>>> print(open('upload.cif').read())   # mmCIF, C-alpha atoms
data_input
#
loop_
_atom_site.group_PDB
_atom_site.id
_atom_site.type_symbol
_atom_site.label_atom_id
_atom_site.label_comp_id
_atom_site.auth_asym_id
_atom_site.auth_seq_id
_atom_site.Cartn_x
_atom_site.Cartn_y
_atom_site.Cartn_z
ATOM 1 C CA MET A 184 114.981 83.558 93.733
ATOM 2 C CA ASN A 185 118.541 83.059 94.885
ATOM 3 C CA THR A 186 120.386 85.712 96.844
ATOM 4 C CA ASP A 187 122.758 85.726 99.749
ATOM 5 C CA THR A 188 121.360 88.825 101.464
ATOM 6 C CA TYR A 189 118.135 89.702 103.204
ATOM 7 C CA THR A 190 116.808 92.254 105.655
ATOM 8 C CA PRO A 191 116.024 90.725 109.069
ATOM 9 C CA PRO A 192 112.831 91.576 110.978
ATOM 10 C CA LEU A 193 112.822 95.280 111.970
ATOM 11 C CA GLY A 194 115.979 95.731 109.903
ATOM 12 C CA TYR A 195 118.499 94.471 112.484
ATOM 13 C CA LYS A 196 119.188 90.975 113.816
ATOM 14 C CA SER A 197 119.431 92.361 117.351
ATOM 15 C CA LEU A 198 115.798 93.517 117.136
ATOM 16 C CA THR A 199 114.329 90.138 116.108
ATOM 17 C CA PRO A 200 113.263 89.316 119.707
ATOM 18 C CA LEU A 201 111.142 92.485 119.690
ATOM 19 C CA TYR A 202 109.508 91.862 116.310
ATOM 20 C CA ASP A 203 106.232 90.323 117.470
ATOM 21 C CA LEU A 204 105.643 93.043 120.060
ATOM 22 C CA VAL A 205 106.341 95.845 117.586
ATOM 23 C CA ILE A 206 104.070 94.344 114.943
ATOM 24 C CA ARG A 207 101.310 93.763 117.483
ATOM 25 C CA TYR A 208 101.255 97.274 118.920
ATOM 26 C CA LEU A 209 102.360 99.511 116.031
ATOM 27 C CA THR A 210 100.750 97.949 112.951
ATOM 28 C CA ARG A 211 97.195 97.155 114.113
ATOM 29 C CA GLU A 212 97.962 93.468 113.688
ATOM 30 C CA ASN A 213 94.708 92.586 115.447
ATOM 31 C CA ALA A 214 92.879 94.179 112.498
ATOM 32 C CA TRP A 215 94.790 93.195 109.365
ATOM 33 C CA ARG A 216 95.970 89.707 110.409
ATOM 34 C CA PRO A 217 92.435 88.289 110.959
ATOM 35 C CA ALA A 218 91.357 89.977 107.726
ATOM 36 C CA LEU A 219 94.188 88.241 105.879
ATOM 37 C CA VAL A 220 93.331 84.841 107.366
ATOM 38 C CA LYS A 221 89.693 85.335 106.381
ATOM 39 C CA GLN A 222 90.763 86.284 102.857
ATOM 40 C CA VAL A 223 93.068 83.267 102.496
ATOM 41 C CA ASN A 224 90.246 81.070 103.814
ATOM 42 C CA PRO A 225 92.289 77.882 104.348
ATOM 43 C CA VAL A 226 90.313 74.687 103.743
ATOM 44 C CA PRO A 227 91.158 70.980 103.952
ATOM 45 C CA GLY A 228 93.242 70.029 100.922
ATOM 46 C CA ASP A 229 94.867 73.436 100.596
ATOM 47 C CA ARG A 230 98.631 73.551 100.217
ATOM 48 C CA ILE A 231 99.664 76.976 101.451
ATOM 49 C CA LEU A 232 103.152 78.454 101.161
ATOM 50 C CA ASP A 233 104.029 81.455 103.356
ATOM 51 C CA VAL A 234 106.985 83.270 101.789
ATOM 52 C CA GLY A 235 109.087 85.232 104.252
ATOM 53 C CA CYS A 236 107.182 83.638 107.114
ATOM 54 C CA GLY A 237 109.379 85.273 109.772
ATOM 55 C CA THR A 238 108.376 84.349 113.299
ATOM 56 C CA GLY A 239 105.377 82.333 112.094
ATOM 57 C CA SER A 240 102.437 84.458 113.263
ATOM 58 C CA LEU A 241 100.469 84.070 110.023
ATOM 59 C CA LEU A 242 101.154 80.337 109.861
ATOM 60 C CA ALA A 243 99.927 79.929 113.437
ATOM 61 C CA ALA A 244 96.702 81.744 112.612
ATOM 62 C CA LEU A 245 96.154 79.718 109.436
ATOM 63 C CA ALA A 246 96.843 76.438 111.245
ATOM 64 C CA ALA A 247 94.382 77.377 113.980
ATOM 65 C CA GLN A 248 91.764 78.194 111.352
ATOM 66 C CA CYS A 249 92.232 74.944 109.439
ATOM 67 C CA PRO A 250 94.503 72.264 110.984
ATOM 68 C CA GLU A 251 93.881 70.021 107.956
ATOM 69 C CA ALA A 252 95.568 72.421 105.511
ATOM 70 C CA ASP A 253 99.137 71.578 104.451
ATOM 71 C CA LEU A 254 101.246 74.598 105.462
ATOM 72 C CA ILE A 255 104.873 75.393 104.678
ATOM 73 C CA GLY A 256 106.758 78.466 105.864
ATOM 74 C CA LEU A 257 109.865 79.652 104.021
ATOM 75 C CA ASP A 258 112.399 82.170 105.325
ATOM 76 C CA PRO A 259 116.194 82.647 105.143
ATOM 77 C CA ASP A 260 116.411 84.019 108.691
ATOM 78 C CA ILE A 261 117.309 81.170 111.029
ATOM 79 C CA ALA A 262 116.721 83.214 114.187
ATOM 80 C CA ALA A 263 113.201 84.082 113.023
ATOM 81 C CA LEU A 264 112.520 80.454 112.100
ATOM 82 C CA GLU A 265 113.592 79.320 115.556
ATOM 83 C CA ARG A 266 110.945 81.594 117.031
ATOM 84 C CA ALA A 267 108.435 80.313 114.493
ATOM 85 C CA ALA A 268 109.238 76.699 115.401
ATOM 86 C CA ASN A 269 108.510 77.404 119.052
ATOM 87 C CA LYS A 270 105.244 79.136 118.161
ATOM 88 C CA LEU A 271 104.203 76.245 115.893
ATOM 89 C CA LYS A 272 105.434 73.301 117.960
ATOM 90 C CA ASP A 273 101.924 71.904 118.439
ATOM 91 C CA SER A 274 101.009 72.112 114.741
ATOM 92 C CA ASN A 275 101.904 70.182 111.594
ATOM 93 C CA VAL A 276 103.372 73.251 109.874
ATOM 94 C CA ARG A 277 106.680 72.633 108.123
ATOM 95 C CA LEU A 278 109.391 75.321 108.184
ATOM 96 C CA VAL A 279 112.011 75.529 105.454
ATOM 97 C CA PRO A 280 115.124 77.736 105.648
ATOM 98 C CA GLY A 281 116.068 79.467 102.428
ATOM 99 C CA PHE A 282 114.941 81.691 99.598
ATOM 100 C CA LEU A 283 112.013 81.187 97.264
ATOM 101 C CA SER A 284 112.536 78.670 94.466
ATOM 102 C CA LYS A 285 110.992 75.432 93.260
ATOM 103 C CA GLU A 286 114.026 73.589 94.629
ATOM 104 C CA SER A 287 113.414 74.905 98.128
ATOM 105 C CA LEU A 288 110.062 73.089 98.331
ATOM 106 C CA PRO A 289 109.462 69.365 98.889
ATOM 107 C CA LYS A 290 109.677 67.413 95.630
ATOM 108 C CA GLY A 291 106.365 67.479 93.789
ATOM 109 C CA TRP A 292 104.786 69.901 96.271
ATOM 110 C CA LEU A 293 103.108 72.906 94.641
ATOM 111 C CA PRO A 294 100.886 75.382 96.454
ATOM 112 C CA THR A 295 97.219 76.104 95.918
ATOM 113 C CA LYS A 296 97.719 79.403 97.766
ATOM 114 C CA ILE A 297 100.772 81.558 98.430
ATOM 115 C CA THR A 298 100.879 84.161 101.177
ATOM 116 C CA SER A 299 103.332 86.818 102.255
ATOM 117 C CA SER A 300 103.004 89.486 104.914
ATOM 118 C CA LEU A 301 105.271 92.462 105.583
ATOM 119 C CA MET A 302 108.111 91.040 103.492
ATOM 120 C CA PHE A 303 108.073 92.850 100.133
ATOM 121 C CA HIS A 304 108.912 96.282 101.521
ATOM 122 C CA GLN A 305 112.268 94.897 102.723
ATOM 123 C CA VAL A 306 113.268 93.556 99.290
ATOM 124 C CA PRO A 307 115.251 95.452 96.594
ATOM 125 C CA LEU A 308 113.253 96.657 93.589
ATOM 126 C CA MET A 309 114.384 94.024 91.064
ATOM 127 C CA LYS A 310 113.908 91.213 93.592
ATOM 128 C CA LYS A 311 110.321 92.259 94.238
ATOM 129 C CA THR A 312 109.454 91.493 90.625
ATOM 130 C CA GLU A 313 111.503 88.281 90.638
ATOM 131 C CA ILE A 314 109.708 87.004 93.729
ATOM 132 C CA VAL A 315 106.287 87.631 92.209
ATOM 133 C CA ASP A 316 107.373 85.869 89.000
ATOM 134 C CA VAL A 317 108.546 82.812 90.965
ATOM 135 C CA MET A 318 105.325 82.796 92.983
ATOM 136 C CA ARG A 319 103.304 82.711 89.765
ATOM 137 C CA SER A 320 105.480 79.920 88.349
ATOM 138 C CA LEU A 321 104.764 77.753 91.417
ATOM 139 C CA LEU A 322 101.060 78.440 91.764
ATOM 140 C CA LEU A 323 98.623 75.837 90.475
ATOM 141 C CA PRO A 324 95.859 76.943 88.044
ATOM 142 C CA GLY A 325 92.969 78.299 90.033
ATOM 143 C CA GLY A 326 95.345 79.148 92.862
ATOM 144 C CA GLU A 327 95.645 82.429 94.708
ATOM 145 C CA LEU A 328 98.269 84.913 95.870
ATOM 146 C CA HIS A 329 97.516 86.747 99.121
ATOM 147 C CA ILE A 330 99.927 89.587 99.834
ATOM 148 C CA THR A 331 99.831 91.976 102.786
ATOM 149 C CA ASP A 332 102.334 94.796 102.996
ATOM 150 C CA TYR A 333 102.987 98.488 102.983
ATOM 151 C CA ALA A 334 101.785 99.557 99.556
ATOM 152 C CA MET A 335 101.067 103.000 98.116
ATOM 153 C CA GLN A 336 100.969 105.593 100.892
ATOM 154 C CA LYS A 337 98.253 107.852 99.508
ATOM 155 C CA SER A 338 97.977 110.457 102.249
ATOM 156 C CA ALA A 339 100.597 112.832 103.603
ATOM 157 C CA LEU A 340 99.944 111.472 107.111
ATOM 158 C CA MET A 341 100.588 107.838 106.102
ATOM 159 C CA ARG A 342 103.695 108.809 104.123
ATOM 160 C CA ALA A 343 105.029 110.668 107.167
ATOM 161 C CA ALA A 344 104.303 107.725 109.474
ATOM 162 C CA PHE A 345 105.971 105.313 107.045
ATOM 163 C CA ARG A 346 109.006 107.575 106.707
ATOM 164 C CA ALA A 347 109.411 107.992 110.465
ATOM 165 C CA THR A 348 109.184 104.289 111.315
ATOM 166 C CA VAL A 349 109.556 101.645 108.609
ATOM 167 C CA GLN A 350 112.041 103.563 106.498
ATOM 168 C CA GLN A 351 114.198 104.369 109.513
ATOM 169 C CA LEU A 352 114.506 100.675 110.354
ATOM 170 C CA ASP A 353 114.460 98.981 106.940
ATOM 171 C CA GLY A 354 116.132 101.699 104.883
ATOM 172 C CA ILE A 355 114.831 104.104 102.255
ATOM 173 C CA GLU A 356 116.034 102.455 99.052
ATOM 174 C CA ASP A 357 114.095 99.187 99.335
ATOM 175 C CA THR A 358 111.011 100.636 100.994
ATOM 176 C CA LYS A 359 110.396 103.737 98.858
ATOM 177 C CA HIS A 360 109.106 101.689 95.918
ATOM 178 C CA ASN A 361 106.333 100.214 98.057
ATOM 179 C CA ALA A 362 105.265 103.678 99.141
ATOM 180 C CA GLY A 363 105.225 104.678 95.474
ATOM 181 C CA GLY A 364 102.905 101.846 94.441
ATOM 182 C CA ILE A 365 105.169 99.073 93.114
ATOM 183 C CA LEU A 366 102.960 96.292 94.519
ATOM 184 C CA GLU A 367 99.923 97.727 92.776
ATOM 185 C CA ARG A 368 101.836 97.336 89.494
ATOM 186 C CA ILE A 369 103.742 94.052 89.773
ATOM 187 C CA LEU A 370 100.832 92.031 91.156
ATOM 188 C CA VAL A 371 98.815 92.717 88.000
ATOM 189 C CA ALA A 372 99.450 90.236 85.177
ATOM 190 C CA PRO A 373 97.590 88.594 82.263
ATOM 191 C CA GLY A 374 95.702 85.523 83.416
ATOM 192 C CA TYR A 375 95.212 86.856 86.940
ATOM 193 C CA MET A 376 92.329 88.695 88.536
ATOM 194 C CA THR A 377 94.039 91.077 90.949
ATOM 195 C CA GLU A 378 92.483 93.412 93.480
ATOM 196 C CA LYS A 379 93.507 95.443 96.487
ATOM 197 C CA THR A 380 90.921 94.241 98.955
ATOM 198 C CA LEU A 381 91.532 96.286 102.121
ATOM 199 C CA SER A 382 93.784 98.974 103.561
ATOM 200 C CA PHE A 383 94.496 99.741 107.215
ATOM 201 C CA PRO A 384 95.956 103.055 108.418
ATOM 202 C CA THR A 385 98.514 102.397 111.157
ATOM 203 C CA ALA A 386 101.122 104.258 113.189
ATOM 204 C CA THR A 387 103.728 102.960 110.724
ATOM 205 C CA GLY A 388 101.881 103.741 107.476
ATOM 206 C CA SER A 389 99.077 102.190 105.483
ATOM 207 C CA ILE A 390 99.072 98.373 105.226
ATOM 208 C CA SER A 391 97.141 96.862 102.306
ATOM 209 C CA LEU A 392 95.814 93.415 101.419
ATOM 210 C CA PHE A 393 95.975 92.096 97.854
ATOM 211 C CA LYS A 394 94.445 89.038 96.236
ATOM 212 C CA ALA A 395 95.489 87.692 92.826
ATOM 213 C CA LYS A 396 93.646 84.648 91.491
ATOM 214 C CA PHE A 397 95.219 82.493 88.742
ATOM 215 C CA LEU A 398 92.369 82.135 86.262
ATOM 216 C CA VAL A 399 91.790 78.771 84.609
ATOM 217 C CA SER A 400 91.469 79.119 80.837
#
>>> encode(input="upload.cif", output="structure tokens")
Amino acid sequence: MNTDTYTPPLGYKSLTPLYDLVIRYLTRENAWRPALVKQVNPVPGDRILDVGCGTGSLLAALAAQCPEADLIGLDPDIAALERAANKLKDSNVRLVPGFLSKESLPKGWLPTKITSSLMFHQVPLMKKTEIVDVMRSLLLPGGELHITDYAMQKSALMRAAFRATVQQLDGIEDTKHNAGGILERILVAPGYMTEKTLSFPTATGSISLFKAKFLVS
């Protein structure tokens, strides 16, 4: 996926320093982040790619869970990566600036698991599908996608919370498709067993976890 534009954390570069605090206190991070790490279940020998890794919170949690796993974080936002580098300075996690493509990864390196958290809602509609397609093209047979994001907002309360917070910061056009259920559709594909595993109501809307396993024929 090649593009020259992206939405920074919280929608504005000036707010990047506040990102971790906002996520911690407004999204119930202490609930969904451990659930995501448990779902990913990193083990020695895993090669895990975190797409849109931002400030590196998920990578730090995965590295703490399994230091032997080979972890790479990818993000086009240099300011966010600088914060991630500081957070991960005592780990072996590699950080790569740029957008998702095979060329952005080390030569010959393909992931057994791909993760992404709170990234898809900031991406334009067509790019959402492109990103998922590239993820599938990189994933090894038997591998897994683990996606956490704002997905379908089923209740009026969650839609209102999402509208008052996330959509005010990240814009309506890119985010409205998540609220309408785009992730539930594009993560389903032949050859994959896909499920929405958990959902967490938060002050900013409902955040859902997805798992898609690449079945070996």
>>> residues_around(input="upload.cif", residues="A:Thr199", least_positions_apart="5", cutoff="8 Å", atoms="all atoms listed in the file", output="PDB file with C-alpha atoms, keeping the file's coordinate frame")
ATOM      1  CA  PRO A 191     116.024  90.725 109.069  1.00  0.00           C
ATOM      2  CA  PRO A 192     112.831  91.576 110.978  1.00  0.00           C
ATOM      3  CA  LEU A 193     112.822  95.280 111.970  1.00  0.00           C
ATOM      4  CA  ALA A 262     116.721  83.214 114.187  1.00  0.00           C
ATOM      5  CA  ALA A 263     113.201  84.082 113.023  1.00  0.00           C
TER       6      ALA A 263
END
>>> closest_residue(input="upload.cif", among="A:Asp260, A:Glu356, A:Glu378, A:Asp253", to="A:Met309", atoms="only C-alpha atoms")
A:Glu356
>>> closest_residue(input="upload.cif", among="A:Ile390, A:Val306, A:Val279, A:Leu257", to="A:Gly235", atoms="all atoms listed in the file")
A:Leu257
>>> closest_residue(input="upload.cif", among="A:Asp332, A:Asp203, A:Asp273, A:Glu265", to="A:Ser391", atoms="all atoms listed in the file")
A:Asp332
>>> residues_around(input="upload.cif", residues="A:Thr298", least_positions_apart="4", cutoff="10 Å", atoms="all atoms listed in the file", output="compact mmCIF listing (two decimals) with C-alpha atoms, in the frame of the given file")
# COMPACT_ATOMS: atom_id res chain seq x y z
CA LEU A 219 94.19 88.24 105.88
CA VAL A 220 93.33 84.84 107.37
CA VAL A 223 93.07 83.27 102.50
CA ILE A 231 99.66 76.98 101.45
CA LEU A 232 103.15 78.45 101.16
CA ASP A 233 104.03 81.46 103.36
CA VAL A 234 106.98 83.27 101.79
CA GLY A 235 109.09 85.23 104.25
CA CYS A 236 107.18 83.64 107.11
CA LEU A 241 100.47 84.07 110.02
CA LEU A 242 101.15 80.34 109.86
CA GLY A 256 106.76 78.47 105.86
CA PRO A 294 100.89 75.38 96.45
CA MET A 318 105.32 82.80 92.98
CA GLU A 327 95.64 82.43 94.71
CA LEU A 328 98.27 84.91 95.87
CA HIS A 329 97.52 86.75 99.12
CA ILE A 330 99.93 89.59 99.83
CA THR A 331 99.83 91.98 102.79
CA PHE A 393 95.98 92.10 97.85
CA LYS A 394 94.44 89.04 96.24
>>> atom_distance(input="upload.cif", atom1="atom CA of A:Leu264", atom2="atom CA of A:Gly239")
7.4 Å
>>> closest_residue(input="upload.cif", among="A:Lys396, A:His304, A:Lys379, A:Arg216", to="A:Thr190", atoms="only C-alpha atoms")
A:His304
>>> residues_around(input="upload.cif", residues="A:Gln351", least_positions_apart="4", cutoff="12 Å", atoms="all atoms listed in the file", output="list in words")
Leu193, Gly194, Tyr195, Gln305, Ala343, Ala344, Phe345, Arg346, Ala347, Ile355, Glu356, Asp357, Thr358, Lys359 and Thr387 of chain A
>>> residues_around(input="upload.cif", residues="stretch 364-371 of chain A", least_positions_apart="6", cutoff="8 Å", atoms="only C-alpha atoms", output="PyMOL selection string")
chain A and resi 312+315+334-336+377+379+395
>>> atom_distance(input="upload.cif", atom1="atom CA of A:Met341", atom2="atom CA of A:Ser389")
5.9 Å
>>> atom_distance(input="upload.cif", atom1="atom CA of A:Val349", atom2="atom CA of A:Arg207")
14.5 Å
>>> axis_aligned_box(input="upload.cif", around="stretch 268-283 of chain A", padding_each_side="4 Å", output="lines of an AutoDock Vina configuration file")
center_x = 108.5
center_y = 75.9
center_z = 108.2
size_x = 23.1
size_y = 19.5
size_z = 29.8
>>> closest_residue(input="upload.cif", among="A:Asn275, A:Ile261, A:Gln350, A:Asn224", to="A:Lys196", atoms="all atoms listed in the file")
A:Ile261
>>> residues_around(input="upload.cif", residues="A:Gly374", least_positions_apart="5", cutoff="12 Å", atoms="all atoms listed in the file", output="count of residues only")
11
>>> closest_residue(input="upload.cif", among="A:Ile297, A:Ile314, A:Val205, A:Leu340", to="A:Pro384", atoms="all atoms listed in the file")
A:Leu340
